[in-house]
file data_7.cif (mmCIF, C-alpha atoms and all ligand atoms)
data_run
#
loop_
_atom_site.label_atom_id
_atom_site.label_comp_id
_atom_site.auth_asym_id
_atom_site.auth_seq_id
_atom_site.Cartn_x
_atom_site.Cartn_y
_atom_site.Cartn_z
CA MET R 12 21.52 3.93 -0.11
CA LEU R 13 21.35 2.37 -3.57
CA ASP R 14 22.35 -1.28 -4.06
CA GLN R 15 25.67 -1.33 -5.92
CA SER R 16 24.56 -4.20 -8.19
CA THR R 17 21.27 -2.61 -9.29
CA THR R 18 19.52 0.75 -9.12
CA ARG R 19 17.11 -0.66 -6.54
CA SER R 20 17.25 1.03 -3.15
CA SER R 21 18.03 -1.05 -0.06
CA ASP R 22 15.21 -2.66 1.85
CA ILE R 23 14.42 -0.45 4.85
CA SER R 24 11.97 -3.08 6.08
CA ALA R 25 14.73 -5.69 6.47
CA GLN R 26 17.23 -3.60 8.44
CA ALA R 27 16.22 -3.96 12.07
CA VAL R 28 17.19 -7.60 12.32
CA PRO R 29 16.59 -8.77 15.88
CA THR R 30 19.22 -10.59 17.93
CA GLN R 31 18.31 -14.12 19.00
CA MET R 32 17.07 -12.80 22.35
CA GLU R 33 15.02 -10.07 20.69
CA GLU R 34 13.52 -12.54 18.24
CA ALA R 35 12.50 -14.82 21.11
CA ARG R 36 10.90 -11.86 22.84
CA GLN R 37 9.00 -10.85 19.69
CA GLY R 38 7.81 -14.44 19.22
CA PHE R 39 6.62 -14.52 22.81
CA VAL R 40 4.67 -11.27 22.40
CA SER R 41 3.02 -12.50 19.17
CA ALA R 42 2.00 -15.74 20.88
CA LEU R 43 0.76 -13.89 23.97
CA ARG R 44 -1.39 -11.62 21.80
CA LYS R 45 -2.86 -14.60 19.99
CA HIS R 46 -3.60 -16.33 23.28
CA VAL R 47 -5.33 -13.22 24.61
CA MET R 48 -7.25 -12.40 21.42
CA VAL R 49 -8.34 -15.94 20.56
CA ASP R 50 -8.18 -18.39 23.50
CA LEU R 51 -8.90 -16.08 26.44
CA ALA R 52 -11.41 -14.04 24.45
CA GLY R 53 -13.29 -17.28 23.69
CA GLU R 54 -13.30 -18.28 27.35
CA MET R 55 -14.52 -14.84 28.33
CA ARG R 56 -17.47 -15.05 25.94
CA ALA R 57 -18.31 -18.49 27.37
CA ASP R 58 -18.16 -17.01 30.89
CA PHE R 59 -20.62 -14.33 29.80
CA GLU R 60 -23.05 -16.71 28.07
CA GLN R 61 -22.94 -19.50 30.64
CA ASP R 62 -22.67 -17.67 33.93
CA VAL R 63 -22.99 -13.88 33.78
CA LYS R 64 -26.06 -13.71 31.54
CA PRO R 65 -28.16 -16.34 33.34
CA LYS R 66 -27.37 -14.75 36.73
CA HIS R 67 -28.32 -11.31 35.41
CA LEU R 68 -31.54 -12.72 34.00
CA LYS R 69 -32.42 -14.31 37.32
CA LYS R 70 -31.65 -11.20 39.35
CA HIS R 71 -33.01 -8.47 37.04
CA ARG R 72 -35.44 -10.47 34.89
CA SER R 73 -33.66 -9.18 31.83
CA GLU R 74 -30.42 -9.80 29.95
CA PRO R 75 -27.80 -7.04 29.88
CA ALA R 76 -28.92 -5.41 26.65
CA THR R 77 -26.28 -2.90 25.61
CA PRO R 78 -22.46 -2.94 25.41
CA ARG R 79 -22.47 -0.57 28.39
CA ASP R 80 -24.69 -2.89 30.47
CA ILE R 81 -22.39 -5.78 29.63
CA LYS R 82 -19.29 -3.80 30.57
CA LYS R 83 -20.83 -3.03 33.97
CA VAL R 84 -21.20 -6.70 34.80
CA MET R 85 -18.09 -8.00 33.04
CA GLU R 86 -15.61 -5.58 34.57
CA HIS R 87 -16.01 -7.29 37.95
CA ARG R 88 -15.16 -10.72 36.55
CA THR R 89 -11.71 -12.11 37.30
CA LEU R 90 -11.42 -13.49 33.77
CA TYR R 91 -12.22 -10.10 32.20
CA ARG R 92 -9.69 -8.38 34.45
CA MET R 93 -7.00 -10.88 33.56
CA TRP R 94 -7.83 -10.67 29.83
CA SER R 95 -7.86 -6.87 29.92
CA SER R 96 -4.54 -6.48 31.76
CA LEU R 97 -2.84 -9.10 29.60
CA ARG R 98 -4.15 -7.40 26.47
CA TYR R 99 -2.92 -4.00 27.66
CA ASN R 100 0.50 -5.36 28.54
CA ALA R 101 0.80 -7.33 25.30
CA GLN R 102 0.03 -4.13 23.38
CA GLU R 103 2.80 -2.22 25.19
CA MET R 104 5.18 -5.13 24.67
CA VAL R 105 4.56 -5.15 20.90
CA TRP R 106 6.33 -1.80 20.55
CA ALA R 107 8.90 -2.47 23.28
CA SER R 108 9.93 -5.72 21.56
CA VAL R 109 11.20 -3.90 18.44
CA LEU R 110 12.64 -0.72 19.96
CA ASP R 111 16.20 -2.00 20.53
CA SER R 112 16.67 -3.36 17.02
CA VAL R 113 15.11 -0.26 15.45
CA GLU R 114 17.34 2.05 17.51
CA ARG R 115 20.46 0.08 16.58
CA LYS R 116 19.79 0.44 12.85
CA LEU R 117 18.20 3.89 12.85
CA PRO R 118 21.12 5.75 11.18
CA GLU R 119 21.18 3.23 8.30
CA MET R 120 17.40 3.41 7.89
CA ILE R 121 17.45 7.21 7.84
CA LYS R 122 20.13 7.07 5.15
CA ILE R 123 18.08 4.65 3.02
CA ALA R 124 14.99 6.84 3.32
CA ARG R 125 16.94 10.02 2.52
CA ASP R 126 18.42 8.41 -0.54
CA ALA R 127 15.08 7.09 -1.75
CA ALA R 128 13.62 10.59 -1.38
CA LYS R 129 16.50 12.09 -3.37
CA HIS R 130 16.53 9.56 -6.24
CA ASN R 131 12.91 8.33 -6.30
CA PRO R 132 13.97 5.15 -8.08
CA ALA R 133 10.39 3.87 -8.46
CA GLY R 134 9.00 7.15 -9.77
CA GLY R 135 6.82 7.84 -6.75
CA SER R 136 7.19 10.91 -4.59
CA LEU R 137 7.40 12.16 -1.01
CA ARG R 138 6.03 15.58 -0.11
CA LEU R 139 6.49 16.67 3.51
CA SER R 140 5.04 19.76 5.21
CA PRO R 141 7.12 20.56 8.29
CA ASP R 142 4.70 23.35 9.25
CA LEU R 143 1.61 21.14 9.22
CA GLU R 144 -0.28 21.46 12.49
CA ILE R 145 -0.62 17.96 13.92
CA PRO R 146 -4.23 17.51 15.09
CA ARG R 147 -4.60 17.24 18.86
CA TYR R 148 -6.24 13.82 18.52
CA VAL R 149 -2.80 12.63 17.36
CA SER R 150 -0.40 14.91 19.25
CA ALA R 151 -2.03 14.76 22.71
CA LEU R 152 -1.73 11.02 23.35
CA ASP R 153 0.10 7.85 22.41
CA VAL R 154 -2.54 6.17 20.22
CA HIS R 155 -2.31 2.35 20.44
CA LEU R 156 0.07 2.90 23.39
CA MET R 157 2.91 3.44 20.92
CA PRO R 158 5.44 5.77 22.57
CA GLY R 159 5.62 8.99 20.54
CA CYS R 160 2.48 8.18 18.55
CA PHE R 161 2.52 8.55 14.74
CA HIS R 162 4.16 11.92 14.36
CA SER R 163 7.08 12.42 16.79
CA GLU R 164 10.51 13.19 15.38
CA HIS R 165 13.60 12.80 17.51
CA THR R 166 16.27 13.60 14.95
CA LYS R 167 16.61 15.07 11.46
CA ASP R 168 14.82 13.07 8.73
CA ASP R 169 13.64 10.65 11.41
CA VAL R 170 11.99 7.37 10.37
CA ALA R 171 11.80 5.82 13.85
CA GLN R 172 8.01 6.00 14.28
CA GLY R 173 7.56 4.46 10.83
CA ALA R 174 10.00 1.68 11.65
CA VAL R 175 8.37 0.95 15.01
CA GLN R 176 4.94 0.86 13.31
CA ALA R 177 6.13 -1.47 10.55
CA TYR R 178 8.34 -3.83 12.57
CA GLY R 179 5.95 -3.68 15.54
CA GLY R 180 3.08 -4.33 13.14
CA ASN R 181 4.71 -7.64 12.19
CA VAL R 182 4.79 -8.67 15.85
CA PHE R 183 1.20 -7.43 16.33
CA ARG R 184 -0.08 -9.44 13.36
CA GLY R 185 2.08 -12.42 14.26
CA GLY R 186 4.55 -12.40 11.43
CA PHE R 187 3.09 -10.77 8.30
CA ARG R 188 5.94 -9.11 6.46
CA HIS R 189 5.58 -5.41 5.77
CA ARG R 190 5.82 -5.77 2.03
CA LYS R 191 3.96 -5.55 -1.18
CA GLY R 192 0.71 -7.47 -1.01
CA ASN R 193 0.13 -7.55 2.74
CA PRO R 194 -1.71 -10.85 2.20
CA GLY R 195 -5.27 -10.75 3.37
CA GLY R 196 -4.91 -7.15 4.38
CA VAL R 197 -7.64 -4.59 3.98
CA GLY R 198 -6.16 -2.98 0.86
CA GLU R 199 -5.96 -6.27 -1.00
CA SER R 200 -9.46 -7.32 0.03
CA ILE R 201 -11.12 -4.03 -0.95
CA ALA R 202 -9.17 -3.68 -4.21
CA GLN R 203 -10.09 -7.25 -5.19
CA TYR R 204 -13.71 -6.65 -4.24
CA MET R 205 -13.88 -3.53 -6.42
CA LYS R 206 -12.32 -5.39 -9.34
CA HIS R 207 -14.58 -8.45 -9.03
CA ALA R 208 -17.83 -6.67 -8.20
CA HIS R 209 -17.35 -3.69 -10.53
CA PRO R 210 -15.24 -4.94 -13.45
CA GLU R 211 -16.31 -1.99 -15.60
CA PHE R 212 -14.93 0.51 -13.07
CA GLU R 213 -11.40 1.59 -14.01
CA PRO R 214 -10.00 4.00 -11.43
CA LYS R 215 -7.22 6.26 -12.64
CA ARG R 216 -6.36 7.92 -9.31
CA ILE R 217 -6.68 6.36 -5.88
CA LEU R 218 -6.18 8.02 -2.48
CA ASP R 219 -5.69 6.35 0.90
CA LEU R 220 -6.36 8.58 3.92
CA GLY R 221 -4.32 7.97 7.08
CA CYS R 222 -2.12 5.69 4.98
CA ASN R 223 0.51 5.23 7.72
CA THR R 224 3.49 3.52 6.00
CA GLY R 225 1.37 2.78 2.94
CA LYS R 226 0.95 -0.99 3.03
CA ASN R 227 -2.70 -0.84 1.94
CA LEU R 228 -1.84 1.02 -1.23
CA TYR R 229 0.42 -1.60 -2.81
CA PRO R 230 -2.39 -4.07 -3.65
CA TYR R 231 -4.18 -1.33 -5.61
CA LEU R 232 -1.18 -1.18 -7.92
CA ASP R 233 -1.40 -4.96 -8.43
CA VAL R 234 -5.11 -4.81 -9.20
CA TYR R 235 -5.09 -1.52 -11.13
CA PRO R 236 -1.55 -1.27 -12.58
CA GLU R 237 -2.42 1.81 -14.63
CA ALA R 238 -3.68 3.81 -11.65
CA GLU R 239 -1.80 6.58 -9.86
CA VAL R 240 -1.90 5.91 -6.13
CA HIS R 241 -1.57 8.49 -3.36
CA GLY R 242 -1.35 8.17 0.39
CA VAL R 243 -1.69 10.96 2.94
CA ASP R 244 -0.87 10.94 6.62
CA VAL R 245 0.06 13.51 9.26
CA GLY R 246 3.12 11.52 10.45
CA ALA R 247 6.29 12.44 8.53
CA PRO R 248 8.37 9.50 9.88
CA LEU R 249 5.70 7.06 8.65
CA LEU R 250 5.73 8.59 5.18
CA ARG R 251 9.53 8.63 4.92
CA PHE R 252 9.62 4.97 5.89
CA GLY R 253 6.73 4.08 3.56
CA HIS R 254 8.29 5.91 0.64
CA ALA R 255 11.53 3.99 1.17
CA VAL R 256 9.64 0.67 1.21
CA ALA R 257 7.74 1.56 -1.97
CA SER R 258 10.98 2.66 -3.65
CA HIS R 259 12.63 -0.64 -2.79
CA GLU R 260 9.62 -2.56 -4.08
CA ASN R 261 9.71 -0.46 -7.26
CA LEU R 262 6.18 0.80 -6.66
CA PRO R 263 5.39 4.37 -7.72
CA VAL R 264 3.39 5.53 -4.71
CA HIS R 265 2.91 9.26 -4.02
CA PHE R 266 3.08 10.09 -0.32
CA SER R 267 2.22 13.47 1.14
CA GLN R 268 2.01 14.84 4.66
CA GLN R 269 -1.45 16.34 4.95
CA ASN R 270 -4.42 16.49 7.27
CA ALA R 271 -7.23 14.48 5.63
CA GLU R 272 -9.69 17.13 6.81
CA ASN R 273 -8.15 19.69 4.50
CA LEU R 274 -6.24 18.37 1.47
CA ASP R 275 -4.45 20.28 -1.27
CA PHE R 276 -5.61 18.06 -4.17
CA GLU R 277 -7.88 19.50 -6.84
CA ASP R 278 -11.67 19.04 -6.97
CA ASN R 279 -12.87 15.97 -8.93
CA SER R 280 -9.39 14.49 -9.12
CA PHE R 281 -9.81 10.96 -7.67
CA ASP R 282 -11.86 7.86 -8.53
CA ILE R 283 -11.40 6.05 -5.21
CA VAL R 284 -10.92 7.67 -1.81
CA THR R 285 -10.38 4.99 0.78
CA SER R 286 -9.16 4.44 4.35
CA SER R 287 -8.80 1.68 6.89
CA PHE R 288 -8.72 1.66 10.69
CA PHE R 289 -8.66 5.45 10.39
CA LEU R 290 -12.04 7.07 11.09
CA HIS R 291 -12.49 5.66 14.59
CA GLU R 292 -9.45 7.69 15.64
CA LEU R 293 -11.10 11.00 14.79
CA PRO R 294 -13.70 13.00 16.68
CA VAL R 295 -17.02 12.68 14.82
CA LYS R 296 -16.78 16.35 13.77
CA SER R 297 -13.50 15.57 11.98
CA THR R 298 -14.99 12.45 10.35
CA LYS R 299 -17.66 14.65 8.78
CA ALA R 300 -14.96 17.05 7.54
CA VAL R 301 -13.05 14.11 6.01
CA PHE R 302 -16.18 12.85 4.23
CA ALA R 303 -16.91 16.30 2.82
CA GLU R 304 -13.31 16.59 1.66
CA ALA R 305 -13.53 13.16 -0.02
CA ARG R 306 -16.77 14.28 -1.72
CA ARG R 307 -14.96 17.34 -3.10
CA LEU R 308 -12.11 15.20 -4.45
CA LEU R 309 -14.23 12.51 -6.10
CA ARG R 310 -15.04 12.57 -9.78
CA PRO R 311 -18.68 11.84 -10.65
CA GLY R 312 -19.00 8.04 -10.57
CA GLY R 313 -16.10 7.69 -8.13
CA ILE R 314 -16.39 5.99 -4.75
CA MET R 315 -15.51 6.75 -1.14
CA ILE R 316 -14.95 3.38 0.52
CA HIS R 317 -13.80 2.94 4.11
CA MET R 318 -12.98 -0.15 6.11
CA GLU R 319 -13.85 0.25 9.78
CA LEU R 320 -14.88 -1.56 12.93
CA PRO R 321 -18.55 -2.44 12.55
CA PRO R 322 -20.99 -0.08 14.27
CA ASN R 323 -23.11 -1.28 17.19
CA SER R 324 -26.16 -1.51 14.95
CA GLU R 325 -24.42 -4.34 13.03
CA VAL R 326 -23.20 -6.51 15.91
CA ASP R 327 -24.64 -8.22 18.96
CA PRO R 328 -24.27 -6.30 22.25
CA TYR R 329 -21.55 -8.62 23.56
CA TYR R 330 -19.36 -8.10 20.49
CA GLY R 331 -20.03 -4.36 20.79
CA PHE R 332 -18.76 -4.48 24.37
CA TYR R 333 -15.74 -6.53 23.26
CA LEU R 334 -14.81 -4.14 20.45
CA ASP R 335 -15.16 -1.06 22.65
CA TRP R 336 -12.29 -2.22 24.87
CA ASP R 337 -9.91 -0.06 22.81
CA THR R 338 -11.69 3.14 23.85
CA GLY R 339 -10.11 5.48 26.36
CA PRO R 340 -7.04 4.57 28.38
CA ASN R 341 -7.04 0.89 27.35
CA ASN R 342 -5.64 1.53 23.89
CA ASN R 343 -5.71 5.33 23.91
CA GLU R 344 -8.46 5.62 21.30
CA PRO R 345 -10.91 8.05 22.92
CA PHE R 346 -13.34 8.30 19.98
CA TYR R 347 -13.63 4.60 19.23
CA ALA R 348 -16.95 3.91 21.02
CA ASP R 349 -18.41 7.22 19.84
CA PHE R 350 -17.62 6.38 16.24
CA ARG R 351 -19.14 2.91 16.54
CA ASN R 352 -22.36 4.44 17.86
CA GLN R 353 -22.85 6.49 14.71
CA ASP R 354 -25.21 5.75 11.83
CA MET R 355 -22.73 5.53 8.94
CA ALA R 356 -25.38 6.14 6.25
CA ALA R 357 -26.53 9.29 8.05
CA LEU R 358 -22.93 10.52 8.37
CA CYS R 359 -22.44 10.12 4.61
CA LYS R 360 -25.73 11.86 3.88
CA GLU R 361 -24.81 14.80 6.15
CA SER R 362 -21.56 15.19 4.21
CA GLY R 363 -23.28 15.58 0.85
CA TYR R 364 -23.65 12.02 -0.51
CA GLY R 365 -26.91 10.83 -2.03
CA THR R 366 -28.86 8.38 0.14
CA ASP R 367 -29.32 6.04 -2.83
CA LYS R 368 -25.52 5.94 -3.36
CA TYR R 369 -24.72 4.50 0.08
CA VAL R 370 -22.78 1.20 0.18
CA GLN R 371 -22.28 -1.09 3.18
CA LEU R 372 -21.13 -4.70 3.34
CA LEU R 373 -18.80 -7.25 4.90
CA VAL R 374 -15.93 -8.04 2.50
CA PRO R 375 -14.25 -11.42 3.09
CA ASN R 376 -10.54 -11.41 3.85
CA TYR R 377 -9.12 -12.13 0.39
CA GLY R 378 -6.09 -13.92 1.86
CA THR R 379 -7.97 -16.45 3.98
CA PHE R 380 -11.29 -16.90 2.15
CA GLY R 381 -9.77 -18.34 -1.01
CA GLU R 382 -9.99 -16.98 -4.54
CA ASN R 383 -12.90 -19.14 -5.68
CA ASN R 384 -14.98 -18.36 -2.60
CA PHE R 385 -14.16 -14.69 -2.99
CA ALA R 386 -15.34 -14.72 -6.60
CA ALA R 387 -18.52 -16.56 -5.51
CA PHE R 388 -19.08 -13.91 -2.82
CA CYS R 389 -18.70 -11.09 -5.36
CA ASN R 390 -21.23 -12.83 -7.64
CA GLY R 391 -23.70 -12.97 -4.78
CA ASP R 392 -23.44 -16.78 -4.48
CA MET R 393 -21.81 -16.96 -1.06
CA PRO R 394 -22.07 -14.91 2.16
CA ALA R 395 -19.05 -13.27 3.78
CA PRO R 396 -17.77 -14.88 6.97
CA LYS R 397 -18.86 -13.32 10.26
CA HIS R 398 -16.75 -10.39 11.44
CA GLY R 399 -14.01 -11.27 13.93
CA ASN R 400 -10.28 -12.04 14.02
CA GLY R 401 -9.80 -10.66 10.51
CA ALA R 402 -12.16 -13.13 8.75
CA SER R 403 -13.94 -10.26 7.02
CA TRP R 404 -13.85 -6.49 6.89
CA PHE R 405 -16.75 -4.11 7.54
CA VAL R 406 -16.81 -1.69 4.63
CA PHE R 407 -19.02 1.32 3.97
CA GLY R 408 -19.05 4.46 1.87
CA SER R 409 -20.80 6.03 -1.03
CA TRP R 410 -20.63 6.54 -4.75
CA ALA R 411 -20.25 10.16 -5.75
C1 LIG R 501 -4.61 3.36 13.06
S1 LIG R 501 -3.67 4.11 11.87
C2 LIG R 501 -4.28 3.24 10.45
C3 LIG R 501 -3.21 3.05 9.48
C4 LIG R 501 -3.53 2.28 8.21
N1 LIG R 501 -4.58 2.89 7.46
C5 LIG R 501 -3.82 0.83 8.49
O1 LIG R 501 -4.86 0.34 8.07
O2 LIG R 501 -2.99 0.17 9.12
C6 LIG R 501 -4.34 5.72 11.64
C7 LIG R 501 -3.44 6.60 10.80
O3 LIG R 501 -4.12 7.82 10.53
C8 LIG R 501 -3.21 8.90 10.64
N2 LIG R 501 -3.97 10.12 10.90
C9 LIG R 501 -4.65 10.45 12.01
N3 LIG R 501 -5.32 11.60 11.84
C10 LIG R 501 -5.07 12.01 10.58
C11 LIG R 501 -5.51 13.10 9.79
N4 LIG R 501 -6.33 14.01 10.28
N5 LIG R 501 -5.08 13.18 8.52
C12 LIG R 501 -4.26 12.24 7.99
N6 LIG R 501 -3.81 11.19 8.69
C13 LIG R 501 -4.21 11.06 9.96
C14 LIG R 501 -2.27 8.47 11.74
O4 LIG R 501 -1.05 9.16 11.67
C15 LIG R 501 -2.13 6.98 11.47
O5 LIG R 501 -1.09 6.68 10.60
#
call {"tool": "encode", "arguments": {"input": "data_7.cif", "output": "C-alpha cells"}}
result
Amino acid sequence: MLDQSTTRSSDISAQAVPTQMEEARQGFVSALRKHVMVDLAGEMRADFEQDVKPKHLKKHRSEPATPRDIKKVMEHRTLYRMWSSLRYNAQEMVWASVLDSVERKLPEMIKIARDAAKHNPAGGSLRLSPDLEIPRYVSALDVHLMPGCFHSEHTKDDVAQGAVQAYGGNVFRGGFRHRKGNPGGVGESIAQYMKHAHPEFEPKRILDLGCNTGKNLYPYLDVYPEAEVHGVDVGAPLLRFGHAVASHENLPVHFSQQNAENLDFEDNSFDIVTSSFFLHELPVKSTKAVFAEARRLLRPGGIMIHMELPPNSEVDPYYGFYLDWDTGPNNNEPFYADFRNQDMAALCKESGYGTDKYVQLLVPNYGTFGENNFAAFCNGDMPAPKHGNGASWFVFGSWA
C-alpha cells in the first residue's frame, strides 16, 4: 500500500493500534515485567545474600558456589517461586496483549508488506525460500513462549509472527518503538563502538544473523551510510514485516530467508558478520557451524562480532543462576545454560579463527551511557557499566 501523497509505503509498525482497553492491558504487562525484573529481582538477590547464603554457610561450611548450587537452594524460597511464576506469566502476557490488535489489522499489514515487496521503494530486497527446512530448535517449540514461534505461517504472505514480535517487543521493552535507531539497542551500541574504536575500518557489507524483523540493522546504515546491509533469518513472516518497516523508513536493507549455518553468500564477501541474542538459541554444534560459515564469508581484516548473554566465567555465580532462568521450560530456550557454559574464545578457535584475533568486551548501552561517556569508554578512559538490565552488552568475536 503506497501513500497517495508520496511514494513512501505505509507504516506497518503503526497499524495495530490498540483499543483503550488493550492499551491499558499492554501498559499493565510492561509495568508488571519491570516490577518483576527490577524490584522483585533486587529483593530476591537480597534474600540470597542476607538469608540463604549465611544459612548455607552455617550448615555446610561453604557458600553455594555454582549457579546450579544456588538454584538448588533458591528454588525452595517463596520469593523465588513468586518471582519465577510472575516472570513466566508476564512473558506469556506480553504476546497475548498484542494478539487482538494484530489480528484485527492483519489483512492491511499483509497488503502493506506485499506491496513493499513488489515495489521495493527503498531499494532493499526480500528473498524468501519457501522450501527452507526450519531447524528443529525453532520448529519444535515456542521459543520465548511466543505462540507459533518465529516461523509459523497461518495464511498466504503472512506477517503475523513478525507483527507479534515487533508490537510485543514494544510491550516487552516497555515502550521502545520498533523503528529506525532502536535507541540504546544492541545494533546501535555495537555500530557506534566499531566507529569510535576503529575509525579506520570502513565496512562495505554487513550481515546480521538471526536478524528477526531487522531492527538491529538500521543503526549500521546511520553509522556507515555507504554500506550494504543484509539480514538473514529462518522466519519468513519476520522478514516480510521487517522489509515493510525498512521500506517505510526508506532504508535499503536486504533480507533473505536462510539458515545461518549454511548461507548462499559468496566467500570473502562481508566485512562485518554480527548477531545479537541469537547464539544462545542454538545447540553448540550449530553455533560452531555458524562461526565457520561467518569465517568463510569474512574478507581478510573483517570482523565477526556477536552480542550475547555473558558466559558463567564472566559473572558471579548468583548472576549466572539468575540468567539461566530462561533455560528449559521457563522461557523455552533449552540451550541457554549450555551456551553460557562455553569458552567463547575456544569456540572461535575451533571454528578457524586465530587466537590472537579474539575480541571480548562489555560495550556500554549507547542510548543510556551518554555520547561523551561512550567516547571516553572507546578511548580507554572510562570502564563500561556492569552488565544487567541493559546497561551494557557482552560482546565477543574475532577478526578474520
Ligand atoms: C531471539 S531472536 C533474536 C532476534 C534479534 N537478533 C534481536 O536481537 O532481537 C533469534 C532469531 O534467530 C532466528 N534464528 C534461529 N535459528 C536460526 C538459524 N539457524 N538461522 C537464521 N536465523 C535463525 C529466529 O528466527 C529469531 O528471529
call {"tool": "residues_near_ligand", "arguments": {"input": "data_7.cif", "ligand": "ligand LIG 501 (chain R)", "cutoff": "6 Å", "atoms": "only C-alpha atoms and all ligand atoms", "output": "number ranges by chain"}}
result
R: 161, 220-223, 243-246, 269-272, 286-289
call {"tool": "residues_around", "arguments": {"input": "data_7.cif", "residues": "Phe252 (chain R)", "least_positions_apart": "2", "cutoff": "8 Å", "atoms": "all atoms listed in the file", "output": "list in words"}}
result
Ile23, Ala124, Val170, Gly173, Ala174, Thr224, Pro248, Leu249, Leu250, His254, Ala255 and Val256 of chain R
call {"tool": "atom_distance", "arguments": {"input": "data_7.cif", "atom1": "CA of Met355 (chain R)", "atom2": "CA of Asn342 (chain R)"}}
result
23.1 Å
call {"tool": "closest_residue", "arguments": {"input": "data_7.cif", "among": "R:Val154, R:Leu117, R:Val264, R:Ala27", "to": "Leu293 (chain R)", "atoms": "only C-alpha atoms"}}
result
R:Val154
call {"tool": "axis_aligned_box", "arguments": {"input": "data_7.cif", "around": "region 171-185 of chain R", "padding_each_side": "4 Å", "output": "AutoDock Vina command-line options"}}
result
--center_x 5.9 --center_y -3.2 --center_z 13.4 --size_x 19.9 --size_y 26.4 --size_z 13.8
call {"tool": "residues_around", "arguments": {"input": "data_7.cif", "residues": "region 133-139 of chain R", "least_positions_apart": "2", "cutoff": "8 Å", "atoms": "all atoms listed in the file", "output": "number ranges by chain"}}
result
R: 128, 131, 141, 247, 250-251, 254, 257-268
call {"tool": "residues_around", "arguments": {"input": "data_7.cif", "residues": "Arg98 (chain R)", "least_positions_apart": "2", "cutoff": "12 Å", "atoms": "only C-alpha atoms", "output": "VMD selection string"}}
result
chain R and resid 40 to 49 51 to 52 90 to 96 100 to 105 155 to 156 183 336 to 337 341 to 342
call {"tool": "atom_distance", "arguments": {"input": "data_7.cif", "atom1": "CA of Pro394 (chain R)", "atom2": "CA of Asp50 (chain R)"}}
result
25.7 Å
call {"tool": "residues_near_point", "arguments": {"input": "data_7.cif", "point": "(-10.5, 23.5, -8.4)", "cutoff": "12 Å", "atoms": "all atoms listed in the file", "output": "PyMOL selection string"}}
result
chain R and resi 274-280+307-310
call {"tool": "write_last_selection", "arguments": {"input": "data_7.cif", "atoms": "C-alpha atoms", "output": "CSV table (one decimal), in the frame of the given file"}}
result
chain,number,residue,atom,x,y,z
R,274,LEU,CA,-6.2,18.4,1.5
R,275,ASP,CA,-4.4,20.3,-1.3
R,276,PHE,CA,-5.6,18.1,-4.2
R,277,GLU,CA,-7.9,19.5,-6.8
R,278,ASP,CA,-11.7,19.0,-7.0
R,279,ASN,CA,-12.9,16.0,-8.9
R,280,SER,CA,-9.4,14.5,-9.1
R,307,ARG,CA,-15.0,17.3,-3.1
R,308,LEU,CA,-12.1,15.2,-4.4
R,309,LEU,CA,-14.2,12.5,-6.1
R,310,ARG,CA,-15.0,12.6,-9.8
call {"tool": "closest_residue", "arguments": {"input": "data_7.cif", "among": "R:His209, R:Pro375, R:Met393, R:Ala387", "to": "Gly313 (chain R)", "atoms": "only C-alpha atoms"}}
result
R:His209
call {"tool": "atom_distance", "arguments": {"input": "data_7.cif", "atom1": "CA of Met85 (chain R)", "atom2": "CA of Phe350 (chain R)"}}
result
22.1 Å
call {"tool": "closest_residue", "arguments": {"input": "data_7.cif", "among": "R:Ala151, R:Ile123, R:Leu97, R:Met205", "to": "Asp168 (chain R)", "atoms": "all atoms listed in the file"}}
result
R:Ile123
call {"tool": "closest_residue", "arguments": {"input": "data_7.cif", "among": "R:Arg88, R:Arg79, R:Ser21, R:Ala411", "to": "Leu334 (chain R)", "atoms": "all atoms listed in the file"}}
result
R:Arg79
call {"tool": "residues_around", "arguments": {"input": "data_7.cif", "residues": "Tyr333 (chain R)", "least_positions_apart": "6", "cutoff": "10 Å", "atoms": "all atoms listed in the file", "output": "list in words"}}
result
Ala52, Met55, Arg56, Pro78, Ile81 and Lys82 of chain R
call {"tool": "closest_residue", "arguments": {"input": "data_7.cif", "among": "R:Gly401, R:Asp233, R:Ser108, R:Asp282", "to": "Ala35 (chain R)", "atoms": "all atoms listed in the file"}}
result
R:Ser108
